[in-house]
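Source file final24.txt; content: compact mmCIF, C-alpha atoms and all ligand atoms.
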```txt
# COMPACT_ATOMS: atom_id res chain seq x y z
CA MET U 116 -32.25 18.43 14.95
CA THR U 117 -29.04 17.23 13.30
CA THR U 118 -28.27 17.77 9.67
CA SER U 119 -25.99 15.36 7.86
CA SER U 120 -23.07 17.04 6.17
CA PRO U 121 -21.18 14.96 3.66
CA ALA U 122 -17.61 13.99 4.44
CA GLN U 123 -14.56 15.84 3.19
CA LEU U 124 -12.72 13.89 0.50
CA LEU U 125 -9.17 12.75 1.19
CA ASP U 126 -7.79 13.19 -2.31
CA GLY U 127 -4.95 10.70 -2.77
CA LYS U 128 -4.55 11.60 -6.41
CA ALA U 129 -3.76 15.24 -5.62
CA LEU U 130 -1.58 14.45 -2.60
CA SER U 131 0.40 11.79 -4.47
CA ALA U 132 0.97 14.23 -7.37
CA ARG U 133 2.45 16.76 -4.92
CA ILE U 134 4.68 14.07 -3.38
CA LEU U 135 5.87 12.86 -6.81
CA ASP U 136 6.74 16.47 -7.73
CA GLU U 137 8.78 16.81 -4.58
CA LEU U 138 10.55 13.49 -5.24
CA GLN U 139 11.30 14.59 -8.79
CA GLN U 140 12.95 17.74 -7.46
CA ARG U 141 15.06 15.66 -5.09
CA VAL U 142 16.19 13.42 -7.97
CA SER U 143 16.97 16.43 -10.18
CA ALA U 144 19.06 18.05 -7.46
CA HIS U 145 20.93 14.76 -6.94
CA LEU U 146 21.64 14.42 -10.68
CA ALA U 147 22.70 18.09 -10.89
CA SER U 148 25.27 17.49 -8.16
CA GLY U 149 26.78 14.60 -10.11
CA GLY U 150 24.83 11.70 -8.61
CA SER U 151 23.35 8.89 -10.67
CA ALA U 152 19.63 8.10 -10.93
CA PRO U 153 18.27 5.77 -8.27
CA GLY U 154 17.09 2.45 -9.73
CA LEU U 155 13.94 0.48 -8.98
CA ALA U 156 13.74 -3.10 -10.24
CA THR U 157 10.20 -4.32 -10.92
CA VAL U 158 9.64 -8.06 -11.23
CA LEU U 159 6.37 -9.33 -12.66
CA VAL U 160 5.80 -13.08 -12.95
CA GLY U 161 2.87 -14.39 -15.01
CA ASP U 162 -0.02 -12.60 -16.63
CA ASP U 163 -2.47 -11.52 -13.95
CA PRO U 164 -4.19 -8.53 -15.61
CA ALA U 165 -4.55 -6.46 -12.42
CA SER U 166 -0.86 -6.98 -11.56
CA HIS U 167 0.11 -5.82 -15.05
CA ILE U 168 -1.86 -2.59 -14.56
CA TYR U 169 -0.38 -1.96 -11.10
CA VAL U 170 3.18 -2.52 -12.32
CA ARG U 171 2.64 -0.37 -15.40
CA ASN U 172 1.49 2.49 -13.16
CA LYS U 173 4.53 2.05 -10.91
CA ARG U 174 6.87 2.10 -13.94
CA ARG U 175 5.20 5.26 -15.31
CA ALA U 176 5.70 6.96 -11.95
CA CYS U 177 9.41 6.03 -12.07
CA GLU U 178 9.70 7.72 -15.43
CA LYS U 179 7.92 10.84 -14.18
CA VAL U 180 10.19 11.20 -11.16
CA GLY U 181 13.41 10.37 -13.03
CA LEU U 182 14.11 6.98 -11.49
CA ASN U 183 15.78 4.30 -13.54
CA ASN U 184 13.39 1.34 -13.91
CA ILE U 185 14.87 -2.10 -14.46
CA HIS U 186 11.91 -4.25 -15.48
CA HIS U 187 11.69 -8.04 -15.63
CA GLU U 188 8.55 -9.59 -17.07
CA LEU U 189 8.71 -13.36 -16.67
CA PRO U 190 6.61 -16.40 -17.64
CA GLU U 191 4.38 -17.92 -14.98
CA ASP U 192 6.33 -21.20 -15.10
CA LEU U 193 9.70 -19.49 -14.47
CA GLY U 194 10.04 -21.43 -11.22
CA GLN U 195 11.11 -20.58 -7.69
CA ASP U 196 14.84 -21.24 -8.23
CA ARG U 197 15.18 -18.96 -11.24
CA LEU U 198 13.19 -16.26 -9.50
CA LEU U 199 15.47 -16.51 -6.45
CA SER U 200 18.52 -16.36 -8.69
CA LEU U 201 17.22 -13.18 -10.40
CA ILE U 202 16.66 -11.61 -6.98
CA GLN U 203 20.26 -12.48 -6.00
CA ASP U 204 21.52 -10.75 -9.16
CA LEU U 205 19.44 -7.64 -8.38
CA ASN U 206 20.70 -7.69 -4.77
CA GLN U 207 24.28 -7.54 -6.13
CA ASP U 208 23.62 -4.87 -8.77
CA PRO U 209 24.84 -1.45 -7.54
CA ALA U 210 22.51 0.35 -10.00
CA VAL U 211 19.49 -1.22 -8.25
CA HIS U 212 18.44 0.51 -5.03
CA GLY U 213 14.95 -0.91 -4.67
CA ILE U 214 13.45 -4.28 -5.65
CA LEU U 215 9.76 -4.99 -6.02
CA VAL U 216 8.32 -8.43 -6.77
CA GLN U 217 4.67 -7.91 -7.61
CA LEU U 218 2.30 -10.11 -5.60
CA PRO U 219 0.49 -12.41 -5.81
CA LEU U 220 2.86 -14.86 -7.50
CA PRO U 221 1.06 -17.22 -9.91
CA SER U 222 -0.81 -19.99 -8.15
CA GLY U 223 -0.32 -23.63 -9.14
CA PHE U 224 3.45 -23.29 -9.71
CA ASP U 225 4.77 -23.94 -6.21
CA TYR U 226 6.10 -20.43 -5.60
CA ASP U 227 6.94 -19.82 -1.96
CA GLU U 228 6.10 -16.15 -1.42
CA HIS U 229 7.73 -16.05 2.03
CA GLU U 230 11.02 -17.37 0.66
CA VAL U 231 10.92 -14.90 -2.26
CA LEU U 232 10.31 -11.87 -0.03
CA ALA U 233 13.00 -13.00 2.42
CA ALA U 234 15.51 -13.31 -0.48
CA ILE U 235 15.32 -9.56 -1.25
CA SER U 236 18.12 -7.67 0.47
CA PRO U 237 16.49 -5.84 3.42
CA ASP U 238 18.35 -2.68 2.30
CA LYS U 239 16.68 -2.82 -1.13
CA ASP U 240 13.24 -3.79 0.13
CA ALA U 241 11.21 -0.99 -1.48
CA ASP U 242 7.95 -2.70 -0.46
CA GLY U 243 8.95 -3.19 3.18
CA PHE U 244 7.81 -6.83 3.05
CA HIS U 245 11.05 -8.51 4.22
CA PRO U 246 10.49 -10.25 7.58
CA LEU U 247 13.36 -8.28 9.17
CA ASN U 248 11.78 -4.99 8.09
CA GLN U 249 8.34 -6.09 9.27
CA GLY U 250 9.87 -7.04 12.64
CA ALA U 251 11.63 -3.67 12.76
CA LEU U 252 8.30 -1.94 12.15
CA MET U 253 6.76 -3.88 15.03
CA GLN U 254 9.53 -2.80 17.39
CA GLY U 255 9.64 0.80 16.15
CA TYR U 256 13.07 0.72 14.44
CA ARG U 257 13.69 2.82 11.36
CA ALA U 258 13.08 0.57 8.34
CA PRO U 259 11.24 0.70 4.99
CA ILE U 260 7.50 0.87 5.70
CA PRO U 261 5.09 -1.01 3.40
CA CYS U 262 3.78 1.41 0.79
CA THR U 263 0.02 1.14 1.22
CA PRO U 264 0.09 1.47 5.03
CA LYS U 265 2.50 4.41 4.72
CA GLY U 266 0.15 6.06 2.20
CA VAL U 267 -2.83 5.47 4.49
CA MET U 268 -1.00 7.25 7.33
CA ARG U 269 -0.13 10.22 5.08
CA LEU U 270 -3.80 10.58 4.13
CA LEU U 271 -4.83 10.29 7.76
CA ASP U 272 -2.36 13.07 8.64
CA GLU U 273 -4.06 15.29 6.06
CA THR U 274 -7.07 15.51 8.41
CA GLY U 275 -4.92 17.23 11.04
CA LEU U 276 -6.72 15.24 13.75
CA ALA U 277 -4.99 14.33 17.00
CA LEU U 278 -4.94 10.52 17.02
CA SER U 279 -3.61 9.71 20.48
CA GLY U 280 -6.12 7.79 22.59
CA LYS U 281 -8.68 7.49 19.80
CA ARG U 282 -10.04 4.18 18.49
CA ALA U 283 -8.94 2.70 15.14
CA VAL U 284 -10.48 -0.36 13.54
CA VAL U 285 -8.55 -2.14 10.79
CA VAL U 286 -10.65 -4.54 8.74
CA GLY U 287 -8.25 -7.12 7.26
CA ARG U 288 -5.13 -8.81 8.63
CA SER U 289 -2.82 -9.23 5.63
CA ASN U 290 0.96 -8.86 5.94
CA ILE U 291 0.83 -6.23 3.17
CA VAL U 292 -1.76 -3.88 4.70
CA GLY U 293 -3.76 -4.94 7.75
CA LYS U 294 -0.98 -5.93 10.14
CA PRO U 295 1.49 -3.14 9.26
CA VAL U 296 -1.15 -0.40 9.30
CA ALA U 297 -2.26 -1.63 12.74
CA MET U 298 1.35 -1.23 13.96
CA LEU U 299 1.59 2.31 12.53
CA LEU U 300 -1.69 3.35 14.19
CA LEU U 301 -0.49 1.82 17.47
CA ALA U 302 2.75 3.80 17.18
CA ARG U 303 0.55 6.93 17.05
CA HIS U 304 -0.99 5.90 20.38
CA MET U 305 -4.34 4.83 19.00
CA THR U 306 -6.36 1.98 20.53
CA VAL U 307 -6.32 -0.48 17.65
CA THR U 308 -8.67 -3.37 16.90
CA VAL U 309 -7.93 -5.70 13.98
CA CYS U 310 -11.02 -7.35 12.48
CA HIS U 311 -11.19 -10.17 9.95
CA SER U 312 -13.46 -12.78 8.42
CA ARG U 313 -14.14 -14.44 11.77
CA THR U 314 -14.92 -11.26 13.70
CA ARG U 315 -18.31 -11.81 15.36
CA ASP U 316 -19.94 -8.38 15.09
CA LEU U 317 -18.10 -6.31 12.50
CA ALA U 318 -20.81 -3.62 12.47
CA ALA U 319 -20.39 -3.00 16.21
CA GLU U 320 -16.58 -2.89 15.94
CA VAL U 321 -16.66 -0.42 13.03
CA GLY U 322 -19.31 1.64 14.82
CA ASN U 323 -16.85 2.29 17.69
CA ALA U 324 -14.08 3.54 15.46
CA ASP U 325 -12.82 7.11 15.07
CA VAL U 326 -10.63 5.81 12.23
CA VAL U 327 -11.62 2.90 9.96
CA VAL U 328 -9.12 1.28 7.59
CA ALA U 329 -10.85 -1.20 5.26
CA ALA U 330 -8.45 -3.64 3.61
CA VAL U 331 -10.20 -6.94 2.90
CA GLY U 332 -10.85 -6.90 -0.83
CA VAL U 333 -14.61 -7.46 -0.59
CA ALA U 334 -16.73 -4.93 -2.48
CA LYS U 335 -18.80 -2.69 -0.18
CA LEU U 336 -18.38 -4.99 2.82
CA VAL U 337 -18.32 -2.04 5.24
CA GLN U 338 -21.80 -0.57 5.25
CA GLY U 339 -22.31 3.17 5.35
CA ASP U 340 -24.67 3.14 8.33
CA TRP U 341 -22.05 1.37 10.47
CA ILE U 342 -19.78 4.43 10.40
CA LYS U 343 -19.53 6.55 13.55
CA PRO U 344 -20.51 10.14 12.70
CA GLY U 345 -17.41 12.21 12.01
CA ALA U 346 -15.07 9.20 11.65
CA VAL U 347 -12.18 9.04 9.17
CA VAL U 348 -12.71 6.28 6.58
CA LEU U 349 -9.70 5.02 4.63
CA ASP U 350 -10.65 2.53 1.94
CA VAL U 351 -7.83 0.34 0.61
CA GLY U 352 -10.08 -1.98 -1.44
CA ILE U 353 -10.02 -2.04 -5.23
CA ASN U 354 -12.87 -4.30 -6.39
CA ARG U 355 -15.31 -4.52 -9.27
CA ASP U 356 -19.02 -4.32 -8.49
CA GLU U 357 -21.81 -6.17 -10.38
CA GLU U 358 -21.71 -3.53 -13.12
CA GLY U 359 -17.94 -3.77 -13.48
CA ARG U 360 -17.23 -0.43 -11.81
CA LEU U 361 -14.25 0.03 -9.52
CA VAL U 362 -15.43 0.16 -5.91
CA GLY U 363 -13.76 -0.06 -2.54
CA ASP U 364 -14.46 -2.18 0.53
CA VAL U 365 -16.75 0.57 1.87
CA GLU U 366 -20.21 1.62 0.65
CA PHE U 367 -18.89 5.01 -0.38
CA HIS U 368 -22.01 7.17 -0.77
CA ALA U 369 -23.75 6.01 2.40
CA ALA U 370 -20.50 6.21 4.40
CA ALA U 371 -19.82 9.73 3.11
CA GLU U 372 -23.13 10.86 4.65
CA ARG U 373 -21.79 10.02 8.12
CA ALA U 374 -17.99 10.21 7.95
CA GLY U 375 -15.97 13.36 8.63
CA TRP U 376 -13.37 12.39 5.99
CA ILE U 377 -13.34 9.60 3.42
CA THR U 378 -11.07 8.37 0.62
CA PRO U 379 -12.64 7.79 -2.80
CA VAL U 380 -12.00 4.66 -4.90
CA PRO U 381 -10.35 5.17 -7.30
CA GLY U 382 -8.23 8.22 -6.45
CA GLY U 383 -7.73 7.65 -2.72
CA VAL U 384 -5.23 5.19 -1.28
CA GLY U 385 -4.18 3.63 -4.63
CA PRO U 386 -2.08 6.54 -5.96
CA MET U 387 -0.49 6.97 -2.52
CA THR U 388 0.89 3.41 -2.66
CA ILE U 389 2.87 4.32 -5.76
CA ALA U 390 4.16 7.61 -4.31
CA MET U 391 5.35 5.78 -1.18
CA LEU U 392 7.08 3.10 -3.28
CA LEU U 393 9.11 5.79 -5.01
CA GLU U 394 9.81 7.54 -1.73
CA ASN U 395 11.09 4.24 -0.25
CA THR U 396 13.34 3.78 -3.30
CA LEU U 397 14.82 7.25 -2.94
CA GLU U 398 15.44 6.62 0.74
CA ALA U 399 17.12 3.28 -0.09
CA ALA U 400 19.38 5.21 -2.48
CA GLY U 401 20.25 7.66 0.31
CA LEU U 402 18.37 10.63 -1.21
N1 LIG U 501 0.24 -6.64 -4.57
C1 LIG U 501 -0.73 -5.86 -4.05
N2 LIG U 501 -0.19 -4.78 -3.44
C2 LIG U 501 1.14 -4.87 -3.59
C3 LIG U 501 2.23 -4.05 -3.19
O1 LIG U 501 2.08 -3.00 -2.54
N3 LIG U 501 3.45 -4.49 -3.56
C4 LIG U 501 3.64 -5.65 -4.25
N4 LIG U 501 4.88 -6.01 -4.54
N5 LIG U 501 2.67 -6.43 -4.62
C5 LIG U 501 1.42 -6.04 -4.30
```
Serialized structure, structure tokens:
Amino acid sequence: MTTSSPAQLLDGKALSARILDELQQRVSAHLASGGSAPGLATVLVGDDPASHIYVRNKRRACEKVGLNNIHHELPEDLGQDRLLSLIQDLNQDPAVHGILVQLPLPSGFDYDEHEVLAAISPDKDADGFHPLNQGALMQGYRAPIPCTPKGVMRLLDETGLALSGKRAVVVGRSNIVGKPVAMLLLARHMTVTVCHSRTRDLAAEVGNADVVVAAVGVAKLVQGDWIKPGAVVLDVGINRDEEGRLVGDVEFHAAAERAGWITPVPGGVGPMTIAMLLENTLEAAGL
């Protein structure tokens, strides 16, 4: 007879708080030795409510750690040229060490996201979205790593599991999460499968996985009974269910009956993204 034992929680809230404390100590030591505060520029275009919340949380974390936040909140009809010109100014500003343009840019205004991300100086690319940095990640060079994938890997390391040779399934193929997290898992010698909306038998793919990263943005898409017993489940999704509650891309309760470790939503991957953004900014400032 087998008894189901619920998964251990991977607590991103607690881990991110420890990381932010450590970053704060690094900033304090730098200031005490005569250095100036590292600066993160946050650029928010338009009035998407979720983006406002995400950027507010990032700015609060800057304050907590002692980073200087240079914030630009801009109308949705600002236009591509003026946005590019602001990025050029931030690229030139020695007080700015990291630049973040919150995505998505407003739709219906002809913003070219690729051109915007490529305009950020690769040295100030706190998000790790510049095509040069994404190419560097693919080839294993040292470069800023996108924040959510980096946070996912930190949580995965909390399990203490040996990853080499094991199977990882990434559900989602975005440039922000799916593709970079696949590269990071590959660099740890995992056998990586990337699934997406056209994958034929998602349940079978997920059922093979020792590590599942769900990053599609569809509430409860990954069903609990698909999970291989003992697997690590990392849920990147932040969605609202029918009752308006925040839920991930995974059916949490059913998955927790089978998984060995699982991240909650909220309080899992989300807070780690912010901690990694600040860590990238400190690294860009040479701290
Ligand atoms: N939109 C959703 N996630 C992110 C992120 O990590 N960085 C930025 N800039 N925009 C996002």
Inset, instruction - Name all residues at most 8 Å from Val292 of chain U (count all atoms listed in the file; drop same-chain ones fewer than 2 positions away) and give them as a PyMOL selection string. - result: chain U and resi 261+263-264+287-290+294-296+330
File dump, residues just selected, C-alpha atoms, as a CSV table (one decimal), in the frame of the given file:
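Result file is out_17.csv:
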```csv
chain,number,residue,atom,x,y,z
U,261,PRO,CA,5.1,-1.0,3.4
U,263,THR,CA,0.0,1.1,1.2
U,264,PRO,CA,0.1,1.5,5.0
U,287,GLY,CA,-8.2,-7.1,7.3
U,288,ARG,CA,-5.1,-8.8,8.6
U,289,SER,CA,-2.8,-9.2,5.6
U,290,ASN,CA,1.0,-8.9,5.9
U,294,LYS,CA,-1.0,-5.9,10.1
U,295,PRO,CA,1.5,-3.1,9.3
U,296,VAL,CA,-1.2,-0.4,9.3
U,330,ALA,CA,-8.4,-3.6,3.6
```
Inset, instruction - Give as a ChimeraX atom specification each residue that has an atom at most 12 Å from (1.6, 4.2, -4.8) in the file, counting only C-alpha atoms. - result: /U:127-128,130-132,134-135,169-177,241-242,261-267,269,351,382-396
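Between atom CA of Gly332 of chain U and atom CA of Gly352 of chain U there is a distance of 5.0 Å.
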Inset, instruction - Find the spatial neighbours of segment 178-186 of chain U, counting all atoms listed in the file, within a cut-off of 6 Å - ignore same-chain residues fewer than 6 positions away - and output them as a PyMOL selection string. - result: chain U and resi 139+152-157
Legend entry - Point (0.3, 1.0, 21.4), cut-off 12 Å, counting all atoms listed in the file, residues as number ranges by chain: U: 253-255, 278-283, 297-308
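Each of U:Leu189, U:Leu215, U:Val380, U:Ile168 was checked against ligand LIG 501 (chain U) using only C-alpha atoms and all ligand atoms; the smallest atom-to-atom distance is that of U:Leu215.
The spacing separating atom CA of Ala147 of chain U from atom CA of Asp238 of chain U amounts to 25.0 Å.
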Residue neighbourhood Val216 of chain U, 12 Å, only C-alpha atoms, exclusion window fewer than 3 positions, as an mmCIF file with C-alpha atoms, in the coordinates of the input:
```cif
data_model
loop_
_atom_site.group_PDB
_atom_site.id
_atom_site.type_symbol
_atom_site.label_atom_id
_atom_site.label_comp_id
_atom_site.auth_asym_id
_atom_site.auth_seq_id
_atom_site.Cartn_x
_atom_site.Cartn_y
_atom_site.Cartn_z
ATOM 1 C CA LEU U 155 13.940 0.480 -8.980
ATOM 2 C CA ALA U 156 13.740 -3.100 -10.240
ATOM 3 C CA THR U 157 10.200 -4.320 -10.920
ATOM 4 C CA VAL U 158 9.640 -8.060 -11.230
ATOM 5 C CA LEU U 159 6.370 -9.330 -12.660
ATOM 6 C CA VAL U 160 5.800 -13.080 -12.950
ATOM 7 C CA GLY U 161 2.870 -14.390 -15.010
ATOM 8 C CA SER U 166 -0.860 -6.980 -11.560
ATOM 9 C CA HIS U 167 0.110 -5.820 -15.050
ATOM 10 C CA TYR U 169 -0.380 -1.960 -11.100
ATOM 11 C CA VAL U 170 3.180 -2.520 -12.320
ATOM 12 C CA LYS U 173 4.530 2.050 -10.910
ATOM 13 C CA ILE U 185 14.870 -2.100 -14.460
ATOM 14 C CA HIS U 186 11.910 -4.250 -15.480
ATOM 15 C CA HIS U 187 11.690 -8.040 -15.630
ATOM 16 C CA GLU U 188 8.550 -9.590 -17.070
ATOM 17 C CA LEU U 189 8.710 -13.360 -16.670
ATOM 18 C CA LEU U 198 13.190 -16.260 -9.500
ATOM 19 C CA LEU U 199 15.470 -16.510 -6.450
ATOM 20 C CA LEU U 201 17.220 -13.180 -10.400
ATOM 21 C CA ILE U 202 16.660 -11.610 -6.980
ATOM 22 C CA LEU U 205 19.440 -7.640 -8.380
ATOM 23 C CA GLY U 213 14.950 -0.910 -4.670
ATOM 24 C CA PRO U 219 0.490 -12.410 -5.810
ATOM 25 C CA LEU U 220 2.860 -14.860 -7.500
ATOM 26 C CA PRO U 221 1.060 -17.220 -9.910
ATOM 27 C CA GLU U 228 6.100 -16.150 -1.420
ATOM 28 C CA HIS U 229 7.730 -16.050 2.030
ATOM 29 C CA GLU U 230 11.020 -17.370 0.660
ATOM 30 C CA VAL U 231 10.920 -14.900 -2.260
ATOM 31 C CA LEU U 232 10.310 -11.870 -0.030
ATOM 32 C CA ALA U 233 13.000 -13.000 2.420
ATOM 33 C CA ALA U 234 15.510 -13.310 -0.480
ATOM 34 C CA ILE U 235 15.320 -9.560 -1.250
ATOM 35 C CA LYS U 239 16.680 -2.820 -1.130
ATOM 36 C CA ASP U 240 13.240 -3.790 0.130
ATOM 37 C CA ALA U 241 11.210 -0.990 -1.480
ATOM 38 C CA ASP U 242 7.950 -2.700 -0.460
ATOM 39 C CA GLY U 243 8.950 -3.190 3.180
ATOM 40 C CA PHE U 244 7.810 -6.830 3.050
ATOM 41 C CA HIS U 245 11.050 -8.510 4.220
#
```
Centre, x/y/z edge lengths, axis-aligned box for ligand LIG 501 (chain U) with 8 Å per side, as AutoDock Vina command-line options:
```
--center_x 2.1 --center_y -4.8 --center_z -3.6 --size_x 21.6 --size_y 19.6 --size_z 18.1
```
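Taking atom CA of Val142 of chain U and atom CA of Val211 of chain U as the two end points, the separation is 15.0 Å.
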Inset, instruction - Can you work out which one of U:Ala370, U:Val321, U:Val331, U:Ala277 has the shortest atom-to-atom distance to ligand LIG 501 (chain U), counting all atoms listed in the file? - result: U:Val331
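Distances here use only C-alpha atoms; by that measure, the residue among U:Ala399, U:Val365, U:Ala334, U:Val326 closest to Asp272 of chain U is U:Val326.
Proximity to ligand LIG 501 (chain U) was assessed for U:Gly293, U:Gly250, U:Gly149, U:Pro121 counting all atoms listed in the file; the smallest distance is recorded for U:Gly293.
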Inset, instruction - Give me the residues within 8 Å of Gly375 of chain U as an MDAnalysis selection string, counting only C-alpha atoms and dropping any in the same chain fewer than 6 places off. - result: chainID U and resid 121:123 344:347
Legend entry - Residue neighbourhood Leu349 of chain U, 6 Å, all atoms listed in the file, exclusion window fewer than 3 positions, as a PyMOL selection string: chain U and resi 328+377-378
Inset, instruction - Rank U:Ala400, U:Cys310, U:Leu125, U:Val286 by their smallest atom-to-atom distance to Arg141 of chain U, using only C-alpha atoms, and report the top residue only. - result: U:Ala400
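Ranking U:Leu402, U:Val309, U:Leu317, U:Val284 by their shortest atom-to-atom distance to Gln338 of chain U, with all atoms listed in the file included, puts U:Leu317 first.
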Mind dumping segment 228-243 of chain U from that block, keeping N, CA, C and O atoms, as a PDB file, in the first residue's frame?
```pdb
ATOM      1  N   GLU U 228       8.305  45.871 -29.407  1.00  0.00           N
ATOM      2  CA  GLU U 228       8.941  45.386 -28.182  1.00  0.00           C
ATOM      3  C   GLU U 228      10.392  44.952 -28.426  1.00  0.00           C
ATOM      4  O   GLU U 228      11.281  45.227 -27.619  1.00  0.00           O
ATOM      5  N   HIS U 229      10.610  44.274 -29.552  1.00  0.00           N
ATOM      6  CA  HIS U 229      11.973  43.803 -29.855  1.00  0.00           C
ATOM      7  C   HIS U 229      12.938  44.979 -29.952  1.00  0.00           C
ATOM      8  O   HIS U 229      14.049  44.941 -29.422  1.00  0.00           O
ATOM      9  N   GLU U 230      12.504  46.037 -30.654  1.00  0.00           N
ATOM     10  CA  GLU U 230      13.374  47.202 -30.836  1.00  0.00           C
ATOM     11  C   GLU U 230      13.628  47.897 -29.497  1.00  0.00           C
ATOM     12  O   GLU U 230      14.741  48.358 -29.222  1.00  0.00           O
ATOM     13  N   VAL U 231      12.604  47.949 -28.649  1.00  0.00           N
ATOM     14  CA  VAL U 231      12.749  48.587 -27.331  1.00  0.00           C
ATOM     15  C   VAL U 231      13.760  47.811 -26.479  1.00  0.00           C
ATOM     16  O   VAL U 231      14.687  48.396 -25.895  1.00  0.00           O
ATOM     17  N   LEU U 232      13.617  46.491 -26.423  1.00  0.00           N
ATOM     18  CA  LEU U 232      14.522  45.698 -25.584  1.00  0.00           C
ATOM     19  C   LEU U 232      15.953  45.748 -26.110  1.00  0.00           C
ATOM     20  O   LEU U 232      16.915  45.772 -25.341  1.00  0.00           O
ATOM     21  N   ALA U 233      16.083  45.807 -27.429  1.00  0.00           N
ATOM     22  CA  ALA U 233      17.426  45.852 -28.030  1.00  0.00           C
ATOM     23  C   ALA U 233      18.081  47.217 -27.839  1.00  0.00           C
ATOM     24  O   ALA U 233      19.304  47.351 -27.983  1.00  0.00           O
ATOM     25  N   ALA U 234      17.276  48.254 -27.520  1.00  0.00           N
ATOM     26  CA  ALA U 234      17.827  49.606 -27.327  1.00  0.00           C
ATOM     27  C   ALA U 234      18.469  49.769 -25.955  1.00  0.00           C
ATOM     28  O   ALA U 234      19.282  50.663 -25.727  1.00  0.00           O
ATOM     29  N   ILE U 235      18.098  48.905 -25.004  1.00  0.00           N
ATOM     30  CA  ILE U 235      18.684  48.987 -23.651  1.00  0.00           C
ATOM     31  C   ILE U 235      20.134  48.515 -23.731  1.00  0.00           C
ATOM     32  O   ILE U 235      20.425  47.486 -24.348  1.00  0.00           O
ATOM     33  N   SER U 236      21.031  49.291 -23.126  1.00  0.00           N
ATOM     34  CA  SER U 236      22.439  48.882 -23.125  1.00  0.00           C
ATOM     35  C   SER U 236      22.562  47.484 -22.507  1.00  0.00           C
ATOM     36  O   SER U 236      22.066  47.261 -21.389  1.00  0.00           O
ATOM     37  N   PRO U 237      23.209  46.540 -23.177  1.00  0.00           N
ATOM     38  CA  PRO U 237      23.317  45.182 -22.621  1.00  0.00           C
ATOM     39  C   PRO U 237      23.931  45.162 -21.218  1.00  0.00           C
ATOM     40  O   PRO U 237      23.617  44.291 -20.415  1.00  0.00           O
ATOM     41  N   ASP U 238      24.774  46.157 -20.899  1.00  0.00           N
ATOM     42  CA  ASP U 238      25.392  46.234 -19.572  1.00  0.00           C
ATOM     43  C   ASP U 238      24.412  46.681 -18.491  1.00  0.00           C
ATOM     44  O   ASP U 238      24.702  46.555 -17.303  1.00  0.00           O
ATOM     45  N   LYS U 239      23.305  47.286 -18.909  1.00  0.00           N
ATOM     46  CA  LYS U 239      22.320  47.794 -17.935  1.00  0.00           C
ATOM     47  C   LYS U 239      21.027  46.988 -17.993  1.00  0.00           C
ATOM     48  O   LYS U 239      20.005  47.409 -17.463  1.00  0.00           O
ATOM     49  N   ASP U 240      21.091  45.846 -18.614  1.00  0.00           N
ATOM     50  CA  ASP U 240      19.898  45.048 -18.901  1.00  0.00           C
ATOM     51  C   ASP U 240      19.509  44.213 -17.681  1.00  0.00           C
ATOM     52  O   ASP U 240      19.751  43.007 -17.627  1.00  0.00           O
ATOM     53  N   ALA U 241      18.857  44.871 -16.708  1.00  0.00           N
ATOM     54  CA  ALA U 241      18.538  44.195 -15.440  1.00  0.00           C
ATOM     55  C   ALA U 241      17.598  43.012 -15.630  1.00  0.00           C
ATOM     56  O   ALA U 241      17.583  42.089 -14.815  1.00  0.00           O
ATOM     57  N   ASP U 242      16.813  43.038 -16.702  1.00  0.00           N
ATOM     58  CA  ASP U 242      15.871  41.949 -16.977  1.00  0.00           C
ATOM     59  C   ASP U 242      16.508  40.804 -17.758  1.00  0.00           C
ATOM     60  O   ASP U 242      15.907  39.734 -17.869  1.00  0.00           O
ATOM     61  N   GLY U 243      17.668  41.050 -18.358  1.00  0.00           N
ATOM     62  CA  GLY U 243      18.285  40.007 -19.188  1.00  0.00           C
ATOM     63  C   GLY U 243      17.509  39.686 -20.450  1.00  0.00           C
ATOM     64  O   GLY U 243      17.558  38.559 -20.943  1.00  0.00           O
TER      65      GLY U 243
END
```
